[in-house]
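Following: one structure in structure tokens, then a few remarks.
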Amino acid sequence: MTAASSTNQGQLALLGGEGLRADMRALWEGLSIPHPAPERRVVIVPAALAGEKVGTPERHAGLAGETLGRWGIATEVALIISPEDANDNELIEPLRQASAVYLPGGDARATVNVLAGSAAWRLIRQEHREGTTLVAAGGAAVALGEVAFAPRQPAPPALDALSYETFSGLGLLPGIVVLPYFNWLQEPLVRQVEALCPADVTLAGLDDQAALVATGGEWHVTGLGTVTIWQKGQRRYVIDAGRSVPADLLPTYQTR
């Protein structure tokens with residue numbers, strides 16, 4: 001893998017959905033997960049599921065691990081679902097041996113609340129700068145931006161009552177706002193998110209089985225479906241799976 005800077009930064013994969021359906025196996029097998037096969041391990045951090053019913057984060061992380069295991073990818077769960085967990089040396093220790101870190105989807109706000117300013121997030125970023133692959137799905141991918149968004153009310157009584165608000169994200173993706181499940185988002189909701197964003201951001205809409213991946217700092221689309229990229233208020237560009245993203249649409253990715 002060619003580094004985008006003086007570091008050996010790891011690959012970054014942003015998933016429009018969970019990326020765990022049977023036909024997404026090729027996506028995972030195509031990721032650059034360092035370490036020899038016997039030592040290769042994906043550490044699952046279900047921070048986006050904080051606040052769910054007791055047992056839900058464990059159950060979802062376990063199901064993700066079972067799916068990846070069937071594809072020959074060994075996993076371990078780091079059950080980090082509170083700010084206290086994210087600063088617990090014992091809980092974050094598996095991150096030091098991770099070949100890849102997987103942040104399953106869920107709530108972007110929960111992801112930020114758990115990880116922002118924590119020892120776990122500092123460690124994830126450090127290991128990512130040094131070569132560990134980082135995979136974030138759905139709401140966890142949203143949380144990686146400097147600007148993130150989430151519904152004001154998680155479960156409104158009707159879809160037309162759904163409204164969003166923005167807040168500070170984890171800052172890994174300056175100037176980029178990720179919209180997962182883009183093929184399912186109704187246009188009024190897309191326009192609502194766009195209107196909330198600062199004037200200079202780039203929006204990236206990821207179909208639910210598509211992935212936007214940075215390898216050596218250069219972006220490309222993989223999985224199934226498309227990624228739609230546009231500057232706020234400007235024309236939208238649709239990038240098919242298997243295609244690279246032009247540098248004038250997304251700047252080279254460098255870890256911060």
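Identifiers in this document derive from the order of the structure tokens: chains are assigned A, B, ..., residues are numbered from 1 separately in each chain, and ligands are numbered from 1 in order of occurrence.
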
Using DSSP on the backbone coordinates, identify all residues within region 51-197 of chain A classified as strand (DSSP E or B); present the result as a list in words.
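Of region 51-197 of chain A, the ones in strand (DSSP E or B) are Thr75, Glu76, Val77, Ala100, Val101, Tyr102, Leu103, Thr133, Leu134, Val135, Ala136, Ala137, Gly145, Val147, Ala148, Phe149, Ala150, Pro151, Tyr164, Glu165, Thr166, Phe167, Ser168, Leu173, Ile176, Val177, Val178 and Leu179 of chain A.
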
How close does region 45-138 of chain A get to region 19-32 of chain A? List, as CSV, each residue of region 45-138 of chain A within 12 Å, its nearest atom pair and the distance in Å to one decimal, counting only C-alpha atoms.
residue,atom,partner,partner_atom,distance
A:His60,CA,A:Leu20,CA,11.4
A:Ala61,CA,A:Leu20,CA,11.6
A:Leu63,CA,A:Leu20,CA,9.5
A:Ala64,CA,A:Leu20,CA,7.1
A:Gly65,CA,A:Leu20,CA,9.8
A:Glu66,CA,A:Leu20,CA,10.1
A:Thr67,CA,A:Leu20,CA,6.8
A:Leu68,CA,A:Leu20,CA,7.7
A:Gly69,CA,A:Arg25,CA,10.9
A:Arg70,CA,A:Arg25,CA,9.6
A:Trp71,CA,A:Arg25,CA,6.8
A:Gly72,CA,A:Glu29,CA,9.1
A:Ile73,CA,A:Glu29,CA,8.6
A:Ser99,CA,A:Ser32,CA,9.1
A:Ala100,CA,A:Ser32,CA,8.8
A:Val101,CA,A:Leu31,CA,11.9
A:Tyr102,CA,A:Gly19,CA,10.9
A:Leu103,CA,A:Gly19,CA,11.4
A:Pro104,CA,A:Gly19,CA,9.2
A:Gly105,CA,A:Gly19,CA,9.7
A:Gly131,CA,A:Ser32,CA,9.5
A:Thr132,CA,A:Ser32,CA,8.9
A:Thr133,CA,A:Ser32,CA,6.8
A:Leu134,CA,A:Ser32,CA,9.9
A:Val135,CA,A:Leu31,CA,9.3
A:Ala136,CA,A:Gly19,CA,9.8
A:Ala137,CA,A:Gly19,CA,7.5
A:Gly138,CA,A:Gly19,CA,9.4

For Ala119 (chain A), please output as JSON, numbers by chain all residues within 10 Å (counting only C-alpha atoms; exclusion window: fewer than 3 positions along the same chain).
{"A": [83, 84, 85, 86, 87, 88, 89, 92, 115, 116, 122, 123, 124, 125]}

Convert the current residue selection to file output with N, CA, C and O atoms, as a PDB file, in the first residue's frame.
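As a result, again-v4.pdb now contains:
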ATOM      1  N   PRO A  83     -18.496   6.478  27.740  1.00  0.00           N
ATOM      2  CA  PRO A  83     -17.238   7.213  27.873  1.00  0.00           C
ATOM      3  C   PRO A  83     -16.289   6.567  28.871  1.00  0.00           C
ATOM      4  O   PRO A  83     -15.065   6.606  28.692  1.00  0.00           O
ATOM      5  N   GLU A  84     -16.851   5.958  29.908  1.00  0.00           N
ATOM      6  CA  GLU A  84     -15.994   5.276  30.883  1.00  0.00           C
ATOM      7  C   GLU A  84     -15.294   4.070  30.252  1.00  0.00           C
ATOM      8  O   GLU A  84     -14.097   3.846  30.464  1.00  0.00           O
ATOM      9  N   ASP A  85     -16.045   3.310  29.460  1.00  0.00           N
ATOM     10  CA  ASP A  85     -15.442   2.170  28.747  1.00  0.00           C
ATOM     11  C   ASP A  85     -14.312   2.637  27.835  1.00  0.00           C
ATOM     12  O   ASP A  85     -13.279   1.972  27.710  1.00  0.00           O
ATOM     13  N   ALA A  86     -14.519   3.776  27.182  1.00  0.00           N
ATOM     14  CA  ALA A  86     -13.558   4.270  26.194  1.00  0.00           C
ATOM     15  C   ALA A  86     -12.260   4.758  26.831  1.00  0.00           C
ATOM     16  O   ALA A  86     -11.295   5.039  26.120  1.00  0.00           O
ATOM     17  N   ASN A  87     -12.239   4.826  28.155  1.00  0.00           N
ATOM     18  CA  ASN A  87     -11.019   5.204  28.876  1.00  0.00           C
ATOM     19  C   ASN A  87     -10.541   4.099  29.809  1.00  0.00           C
ATOM     20  O   ASN A  87      -9.688   4.344  30.658  1.00  0.00           O
ATOM     21  N   ASP A  88     -11.080   2.910  29.609  1.00  0.00           N
ATOM     22  CA  ASP A  88     -10.708   1.745  30.415  1.00  0.00           C
ATOM     23  C   ASP A  88      -9.574   1.007  29.708  1.00  0.00           C
ATOM     24  O   ASP A  88      -9.768   0.454  28.625  1.00  0.00           O
ATOM     25  N   ASN A  89      -8.408   0.995  30.311  1.00  0.00           N
ATOM     26  CA  ASN A  89      -7.228   0.411  29.653  1.00  0.00           C
ATOM     27  C   ASN A  89      -7.432  -1.046  29.267  1.00  0.00           C
ATOM     28  O   ASN A  89      -6.946  -1.495  28.221  1.00  0.00           O
ATOM     29  N   ILE A  92      -9.778  -1.285  26.096  1.00  0.00           N
ATOM     30  CA  ILE A  92      -9.221  -0.790  24.836  1.00  0.00           C
ATOM     31  C   ILE A  92      -7.966  -1.541  24.407  1.00  0.00           C
ATOM     32  O   ILE A  92      -7.493  -1.349  23.287  1.00  0.00           O
ATOM     33  N   LEU A 115     -16.874   8.167  22.086  1.00  0.00           N
ATOM     34  CA  LEU A 115     -15.466   8.157  21.682  1.00  0.00           C
ATOM     35  C   LEU A 115     -14.759   9.506  21.743  1.00  0.00           C
ATOM     36  O   LEU A 115     -13.528   9.544  21.899  1.00  0.00           O
ATOM     37  N   ALA A 116     -15.464  10.609  21.609  1.00  0.00           N
ATOM     38  CA  ALA A 116     -14.805  11.915  21.503  1.00  0.00           C
ATOM     39  C   ALA A 116     -13.894  12.181  22.701  1.00  0.00           C
ATOM     40  O   ALA A 116     -14.318  12.076  23.851  1.00  0.00           O
ATOM     41  N   ARG A 122      -8.129   8.061  20.641  1.00  0.00           N
ATOM     42  CA  ARG A 122      -6.727   8.426  20.383  1.00  0.00           C
ATOM     43  C   ARG A 122      -5.949   7.214  19.910  1.00  0.00           C
ATOM     44  O   ARG A 122      -5.132   7.303  18.982  1.00  0.00           O
ATOM     45  N   LEU A 123      -6.215   6.061  20.517  1.00  0.00           N
ATOM     46  CA  LEU A 123      -5.505   4.847  20.130  1.00  0.00           C
ATOM     47  C   LEU A 123      -5.914   4.386  18.738  1.00  0.00           C
ATOM     48  O   LEU A 123      -5.066   3.979  17.928  1.00  0.00           O
ATOM     49  N   ILE A 124      -7.208   4.435  18.434  1.00  0.00           N
ATOM     50  CA  ILE A 124      -7.675   4.047  17.101  1.00  0.00           C
ATOM     51  C   ILE A 124      -7.005   4.918  16.037  1.00  0.00           C
ATOM     52  O   ILE A 124      -6.500   4.417  15.022  1.00  0.00           O
ATOM     53  N   ARG A 125      -6.951   6.208  16.270  1.00  0.00           N
ATOM     54  CA  ARG A 125      -6.332   7.118  15.296  1.00  0.00           C
ATOM     55  C   ARG A 125      -4.834   6.867  15.165  1.00  0.00           C
ATOM     56  O   ARG A 125      -4.288   6.889  14.055  1.00  0.00           O
TER      57      ARG A 125
END

Please provide the set of residues having any atom within 9 Å of Leu224 (chain A), restricted to only C-alpha atoms, with same-chain residues fewer than 5 positions apart removed, written as number ranges by chain.
A: 23-24, 27, 207-211, 240-241

Restricted to N, CA and C atoms, what would the selected residues look like written as an mmCIF file, in the first residue's frame?
data_model
loop_
_atom_site.group_PDB
_atom_site.id
_atom_site.type_symbol
_atom_site.label_atom_id
_atom_site.label_comp_id
_atom_site.auth_asym_id
_atom_site.auth_seq_id
_atom_site.Cartn_x
_atom_site.Cartn_y
_atom_site.Cartn_z
ATOM 1 N N ASP A 23 -23.616 -11.038 -0.197
ATOM 2 C CA ASP A 23 -22.944 -10.565 -1.412
ATOM 3 C C ASP A 23 -21.939 -9.456 -1.139
ATOM 4 N N MET A 24 -21.685 -9.150 0.150
ATOM 5 C CA MET A 24 -20.671 -8.162 0.493
ATOM 6 C C MET A 24 -19.356 -8.813 0.911
ATOM 7 N N LEU A 27 -16.287 -7.416 -0.753
ATOM 8 C CA LEU A 27 -15.834 -6.118 -0.252
ATOM 9 C C LEU A 27 -14.842 -6.310 0.885
ATOM 10 N N ASP A 207 -24.793 4.530 -1.121
ATOM 11 C CA ASP A 207 -25.852 3.526 -1.170
ATOM 12 C C ASP A 207 -25.607 2.463 -0.103
ATOM 13 N N ASP A 208 -26.672 1.766 0.289
ATOM 14 C CA ASP A 208 -26.569 0.914 1.470
ATOM 15 C C ASP A 208 -25.614 -0.260 1.313
ATOM 16 N N GLN A 209 -25.281 -0.668 0.088
ATOM 17 C CA GLN A 209 -24.313 -1.740 -0.091
ATOM 18 C C GLN A 209 -23.046 -1.262 -0.807
ATOM 19 N N ALA A 210 -22.872 0.033 -0.853
ATOM 20 C CA ALA A 210 -21.667 0.606 -1.453
ATOM 21 C C ALA A 210 -20.693 1.014 -0.357
ATOM 22 N N ALA A 211 -19.445 1.190 -0.746
ATOM 23 C CA ALA A 211 -18.416 1.639 0.184
ATOM 24 C C ALA A 211 -17.533 2.666 -0.510
ATOM 25 N N ASP A 240 -19.755 4.935 -9.898
ATOM 26 C CA ASP A 240 -20.101 3.519 -9.833
ATOM 27 C C ASP A 240 -19.044 2.719 -9.089
ATOM 28 N N ALA A 241 -19.470 1.569 -8.546
ATOM 29 C CA ALA A 241 -18.520 0.646 -7.915
ATOM 30 C C ALA A 241 -17.458 0.239 -8.922
#

Output as a PyMOL selection string all residues of region 19-249 of chain A that backbone DSSP marks as helix (DSSP H, G or I).
chain A and resi 22-30+37-39+47-49+56-70+85-87+89-97+108-115+119-129+138-142+159-161+182-184+187-196

Between region 72-178 of chain A and region 40-57 of chain A, at 8 Å or less, what are the per-residue closest atom pairs and their distances in Å? Count only C-alpha atoms, order by chain and rising residue number, and return it as JSON lines.
{"residue": "A:Ile73", "atom": "CA", "partner": "A:Arg41", "partner_atom": "CA", "distance": 6.8}
{"residue": "A:Ala74", "atom": "CA", "partner": "A:Arg41", "partner_atom": "CA", "distance": 5.0}
{"residue": "A:Thr75", "atom": "CA", "partner": "A:Val42", "partner_atom": "CA", "distance": 4.6}
{"residue": "A:Glu76", "atom": "CA", "partner": "A:Val43", "partner_atom": "CA", "distance": 4.8}
{"residue": "A:Val77", "atom": "CA", "partner": "A:Ile44", "partner_atom": "CA", "distance": 4.7}
{"residue": "A:Ala78", "atom": "CA", "partner": "A:Val45", "partner_atom": "CA", "distance": 5.3}
{"residue": "A:Leu79", "atom": "CA", "partner": "A:Val45", "partner_atom": "CA", "distance": 6.1}
{"residue": "A:Ile80", "atom": "CA", "partner": "A:Ala47", "partner_atom": "CA", "distance": 5.7}
{"residue": "A:Ile81", "atom": "CA", "partner": "A:Ala47", "partner_atom": "CA", "distance": 4.7}
{"residue": "A:Ser82", "atom": "CA", "partner": "A:Ala50", "partner_atom": "CA", "distance": 6.6}
{"residue": "A:Pro94", "atom": "CA", "partner": "A:Val43", "partner_atom": "CA", "distance": 7.0}
{"residue": "A:Leu95", "atom": "CA", "partner": "A:Val43", "partner_atom": "CA", "distance": 6.6}
{"residue": "A:Gln97", "atom": "CA", "partner": "A:Arg41", "partner_atom": "CA", "distance": 7.9}
{"residue": "A:Ala98", "atom": "CA", "partner": "A:Arg41", "partner_atom": "CA", "distance": 5.7}
{"residue": "A:Ser99", "atom": "CA", "partner": "A:Arg41", "partner_atom": "CA", "distance": 5.3}
{"residue": "A:Ala100", "atom": "CA", "partner": "A:Val42", "partner_atom": "CA", "distance": 4.7}
{"residue": "A:Val101", "atom": "CA", "partner": "A:Val43", "partner_atom": "CA", "distance": 4.9}
{"residue": "A:Tyr102", "atom": "CA", "partner": "A:Ile44", "partner_atom": "CA", "distance": 4.8}
{"residue": "A:Leu103", "atom": "CA", "partner": "A:Val45", "partner_atom": "CA", "distance": 5.2}
{"residue": "A:Pro104", "atom": "CA", "partner": "A:Pro46", "partner_atom": "CA", "distance": 5.7}
{"residue": "A:Gly105", "atom": "CA", "partner": "A:Ala48", "partner_atom": "CA", "distance": 6.0}
{"residue": "A:Gly106", "atom": "CA", "partner": "A:Ala48", "partner_atom": "CA", "distance": 4.6}
{"residue": "A:Asp107", "atom": "CA", "partner": "A:Ala48", "partner_atom": "CA", "distance": 4.9}
{"residue": "A:Ala108", "atom": "CA", "partner": "A:Ala48", "partner_atom": "CA", "distance": 6.2}
{"residue": "A:Arg109", "atom": "CA", "partner": "A:Ala48", "partner_atom": "CA", "distance": 7.7}
{"residue": "A:Ala110", "atom": "CA", "partner": "A:Ala48", "partner_atom": "CA", "distance": 5.2}
{"residue": "A:Thr111", "atom": "CA", "partner": "A:Ala48", "partner_atom": "CA", "distance": 4.4}
{"residue": "A:Val114", "atom": "CA", "partner": "A:Ala47", "partner_atom": "CA", "distance": 6.3}
{"residue": "A:Leu115", "atom": "CA", "partner": "A:Ala47", "partner_atom": "CA", "distance": 7.4}
{"residue": "A:Gly139", "atom": "CA", "partner": "A:Ala48", "partner_atom": "CA", "distance": 6.9}
{"residue": "A:Ala140", "atom": "CA", "partner": "A:Ala48", "partner_atom": "CA", "distance": 5.9}

Two-atom distance - CA of Tyr164 (chain A), CA of Trp121 (chain A) (Å):
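Separating CA of Tyr164 (chain A) from CA of Trp121 (chain A) is a distance of 25.1 Å.
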
Can you tell me which residues surround region 191-206 of chain A at a distance of at most 10 Å, considering only C-alpha atoms, apart from same-chain residues fewer than 5 positions away, and format the answer as a short mmCIF file (atom, residue, chain, number, x, y, z; two decimals) with N, CA, C and O atoms, in the first residue's frame?
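result33.cif, freshly written:
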data_model
loop_
_atom_site.label_atom_id
_atom_site.label_comp_id
_atom_site.auth_asym_id
_atom_site.auth_seq_id
_atom_site.Cartn_x
_atom_site.Cartn_y
_atom_site.Cartn_z
N LEU A 14 -15.61 3.49 4.35
CA LEU A 14 -16.88 4.02 4.82
C LEU A 14 -17.99 3.23 4.14
O LEU A 14 -18.09 3.22 2.91
N LEU A 15 -18.82 2.57 4.93
CA LEU A 15 -19.86 1.69 4.39
C LEU A 15 -21.21 2.39 4.47
O LEU A 15 -21.59 2.94 5.51
N GLY A 16 -21.97 2.32 3.36
CA GLY A 16 -23.30 2.92 3.35
C GLY A 16 -24.29 2.20 4.23
O GLY A 16 -25.27 2.78 4.69
N GLY A 17 -24.07 0.92 4.47
CA GLY A 17 -24.86 0.11 5.39
C GLY A 17 -23.91 -0.74 6.21
O GLY A 17 -22.73 -0.43 6.33
N GLY A 138 -22.61 3.07 8.35
CA GLY A 138 -23.82 3.81 8.69
C GLY A 138 -23.55 5.03 9.56
O GLY A 138 -22.75 5.90 9.24
N VAL A 142 -20.92 8.47 9.63
CA VAL A 142 -21.34 9.86 9.77
C VAL A 142 -20.54 10.56 10.86
O VAL A 142 -20.11 11.71 10.73
N GLU A 146 -16.06 16.19 10.65
CA GLU A 146 -16.03 17.32 11.58
C GLU A 146 -17.44 17.76 11.90
O GLU A 146 -17.74 18.21 13.01
N VAL A 147 -18.32 17.62 10.90
CA VAL A 147 -19.75 17.87 11.10
C VAL A 147 -20.48 16.55 10.95
O VAL A 147 -20.28 15.82 9.97
N ALA A 148 -21.28 16.20 11.94
CA ALA A 148 -22.11 14.99 11.88
C ALA A 148 -23.57 15.41 12.05
O ALA A 148 -23.88 16.55 12.41
N PHE A 149 -24.48 14.48 11.77
CA PHE A 149 -25.90 14.79 11.93
C PHE A 149 -26.63 13.56 12.43
O PHE A 149 -26.17 12.42 12.29
N ALA A 150 -27.77 13.79 13.02
CA ALA A 150 -28.62 12.70 13.51
C ALA A 150 -30.03 13.25 13.65
O ALA A 150 -30.23 14.48 13.73
N SER A 163 -36.71 15.05 11.36
CA SER A 163 -35.86 16.21 11.12
C SER A 163 -34.50 15.97 11.75
O SER A 163 -34.37 15.20 12.71
N TYR A 164 -33.48 16.61 11.19
CA TYR A 164 -32.11 16.37 11.62
C TYR A 164 -31.54 17.60 12.30
O TYR A 164 -32.01 18.73 12.12
N GLU A 165 -30.47 17.36 13.05
CA GLU A 165 -29.66 18.44 13.59
C GLU A 165 -28.20 18.05 13.44
O GLU A 165 -27.86 16.86 13.36
N THR A 166 -27.34 19.05 13.33
CA THR A 166 -25.91 18.79 13.19
C THR A 166 -25.20 19.05 14.51
O THR A 166 -25.69 19.77 15.39
N PHE A 167 -24.01 18.44 14.64
CA PHE A 167 -23.18 18.60 15.83
C PHE A 167 -21.75 18.25 15.44
O PHE A 167 -21.50 17.73 14.35
N PRO A 174 -12.27 16.01 7.66
CA PRO A 174 -12.58 17.44 7.57
C PRO A 174 -13.20 17.78 6.23
O PRO A 174 -12.75 17.33 5.18
N GLY A 175 -14.27 18.56 6.30
CA GLY A 175 -14.89 19.02 5.07
C GLY A 175 -15.77 18.02 4.36
O GLY A 175 -16.26 18.30 3.27
N ILE A 176 -15.99 16.84 4.95
CA ILE A 176 -16.81 15.80 4.31
C ILE A 176 -17.94 15.42 5.25
O ILE A 176 -17.72 15.16 6.44
N VAL A 177 -19.16 15.36 4.71
CA VAL A 177 -20.31 14.86 5.45
C VAL A 177 -20.81 13.61 4.75
O VAL A 177 -21.07 13.63 3.54
N VAL A 178 -20.91 12.51 5.49
CA VAL A 178 -21.33 11.22 4.93
C VAL A 178 -22.82 11.02 5.14
O VAL A 178 -23.34 11.21 6.25
N LEU A 179 -23.51 10.65 4.07
CA LEU A 179 -24.94 10.30 4.15
C LEU A 179 -25.09 8.82 3.80
O LEU A 179 -25.06 8.44 2.63
N PRO A 180 -25.23 7.95 4.79
CA PRO A 180 -25.40 6.52 4.51
C PRO A 180 -26.81 6.21 4.04
O PRO A 180 -27.71 7.05 4.10
N TYR A 181 -26.99 4.98 3.54
CA TYR A 181 -28.30 4.53 3.05
C TYR A 181 -28.87 5.53 2.05
O TYR A 181 -30.08 5.79 2.02
N PHE A 182 -28.02 6.07 1.22
CA PHE A 182 -28.40 7.20 0.37
C PHE A 182 -29.51 6.81 -0.61
O PHE A 182 -30.37 7.63 -0.94
N ASN A 183 -29.48 5.57 -1.11
CA ASN A 183 -30.51 5.15 -2.06
C ASN A 183 -31.89 5.04 -1.41
O ASN A 183 -32.89 4.94 -2.11
N TRP A 184 -31.95 5.07 -0.09
CA TRP A 184 -33.22 5.01 0.60
C TRP A 184 -33.66 6.37 1.15
O TRP A 184 -34.80 6.52 1.61
N LEU A 185 -32.77 7.35 1.13
CA LEU A 185 -33.10 8.66 1.69
C LEU A 185 -34.00 9.44 0.74
O LEU A 185 -33.69 9.61 -0.43
N GLN A 186 -35.12 9.92 1.25
CA GLN A 186 -36.00 10.74 0.43
C GLN A 186 -35.36 12.11 0.20
O GLN A 186 -34.66 12.65 1.07
N ALA A 211 -19.45 1.19 -0.75
CA ALA A 211 -18.42 1.64 0.18
C ALA A 211 -17.53 2.67 -0.51
O ALA A 211 -17.22 2.53 -1.69
N LEU A 212 -17.15 3.68 0.24
CA LEU A 212 -16.19 4.68 -0.21
C LEU A 212 -14.89 4.40 0.53
O LEU A 212 -14.86 4.47 1.76
N VAL A 221 -14.63 3.66 -5.17
CA VAL A 221 -15.92 3.10 -4.76
C VAL A 221 -15.89 1.59 -4.98
O VAL A 221 -15.41 1.11 -6.01
N GLY A 225 -23.78 -0.89 -5.86
CA GLY A 225 -24.42 0.41 -5.87
C GLY A 225 -23.43 1.52 -6.20
O GLY A 225 -22.37 1.28 -6.78
N THR A 226 -23.78 2.73 -5.81
CA THR A 226 -23.00 3.90 -6.19
C THR A 226 -22.75 4.81 -5.00
O THR A 226 -23.37 4.66 -3.93
N VAL A 227 -21.84 5.76 -5.20
CA VAL A 227 -21.61 6.84 -4.26
C VAL A 227 -21.85 8.16 -5.00
O VAL A 227 -21.36 8.34 -6.12
N THR A 228 -22.62 9.03 -4.40
CA THR A 228 -22.95 10.33 -5.00
C THR A 228 -22.22 11.42 -4.23
O THR A 228 -22.32 11.50 -3.01
N ILE A 229 -21.48 12.27 -4.96
CA ILE A 229 -20.63 13.27 -4.33
C ILE A 229 -20.96 14.64 -4.91
O ILE A 229 -21.08 14.79 -6.14
N TRP A 230 -21.09 15.63 -4.04
CA TRP A 230 -21.35 16.98 -4.51
C TRP A 230 -20.96 18.02 -3.46
O TRP A 230 -20.95 17.75 -2.28
N GLN A 231 -20.60 19.18 -3.97
CA GLN A 231 -20.42 20.34 -3.10
C GLN A 231 -21.79 20.93 -2.80
O GLN A 231 -22.69 20.88 -3.63
N LYS A 232 -21.92 21.48 -1.62
CA LYS A 232 -23.22 22.02 -1.23
C LYS A 232 -23.73 23.01 -2.28
O LYS A 232 -23.05 23.94 -2.68
N GLY A 233 -24.95 22.76 -2.74
CA GLY A 233 -25.58 23.63 -3.71
C GLY A 233 -25.14 23.45 -5.14
O GLY A 233 -25.58 24.18 -6.02
N GLN A 234 -24.28 22.44 -5.39
CA GLN A 234 -23.72 22.24 -6.72
C GLN A 234 -24.24 20.94 -7.35
O GLN A 234 -24.99 20.19 -6.73
N ARG A 236 -24.49 17.16 -8.64
CA ARG A 236 -24.12 15.88 -8.03
C ARG A 236 -23.43 14.98 -9.06
O ARG A 236 -23.82 14.93 -10.23
N TYR A 237 -22.42 14.25 -8.60
CA TYR A 237 -21.68 13.31 -9.45
C TYR A 237 -21.86 11.90 -8.88
O TYR A 237 -21.66 11.68 -7.68
N VAL A 238 -22.24 10.96 -9.73
CA VAL A 238 -22.49 9.58 -9.31
C VAL A 238 -21.31 8.72 -9.75
O VAL A 238 -20.97 8.67 -10.94
N ILE A 239 -20.69 8.03 -8.78
CA ILE A 239 -19.52 7.20 -9.04
C ILE A 239 -19.93 5.73 -8.86
O ILE A 239 -20.41 5.34 -7.80
N LEU A 249 -13.11 16.06 -6.81
CA LEU A 249 -14.35 15.86 -6.06
C LEU A 249 -14.09 15.59 -4.58
O LEU A 249 -14.83 16.07 -3.71
N LEU A 250 -13.06 14.81 -4.29
CA LEU A 250 -12.67 14.53 -2.91
C LEU A 250 -11.18 14.69 -2.78
O LEU A 250 -10.42 14.09 -3.55
N PRO A 251 -10.70 15.46 -1.81
CA PRO A 251 -9.26 15.62 -1.65
C PRO A 251 -8.60 14.33 -1.15
O PRO A 251 -9.28 13.46 -0.58
#

Distance of CA of Arg256 (chain A) from CA of Ser118 (chain A), expressed in Å to one decimal place
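Separation of CA of Ser118 (chain A) and CA of Arg256 (chain A): 15.4 Å.
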
Non-local contacts of Gln254 (chain A) (12 Å; only C-alpha atoms; under 3 positions in same chain excluded) as a count of residues only
26

Expressed in Å to a single decimal, how great is the separation between CA of Glu187 (chain A) and CA of Arg235 (chain A)?
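Spanning CA of Glu187 (chain A) to CA of Arg235 (chain A) is a straight-line distance of 14.5 Å.
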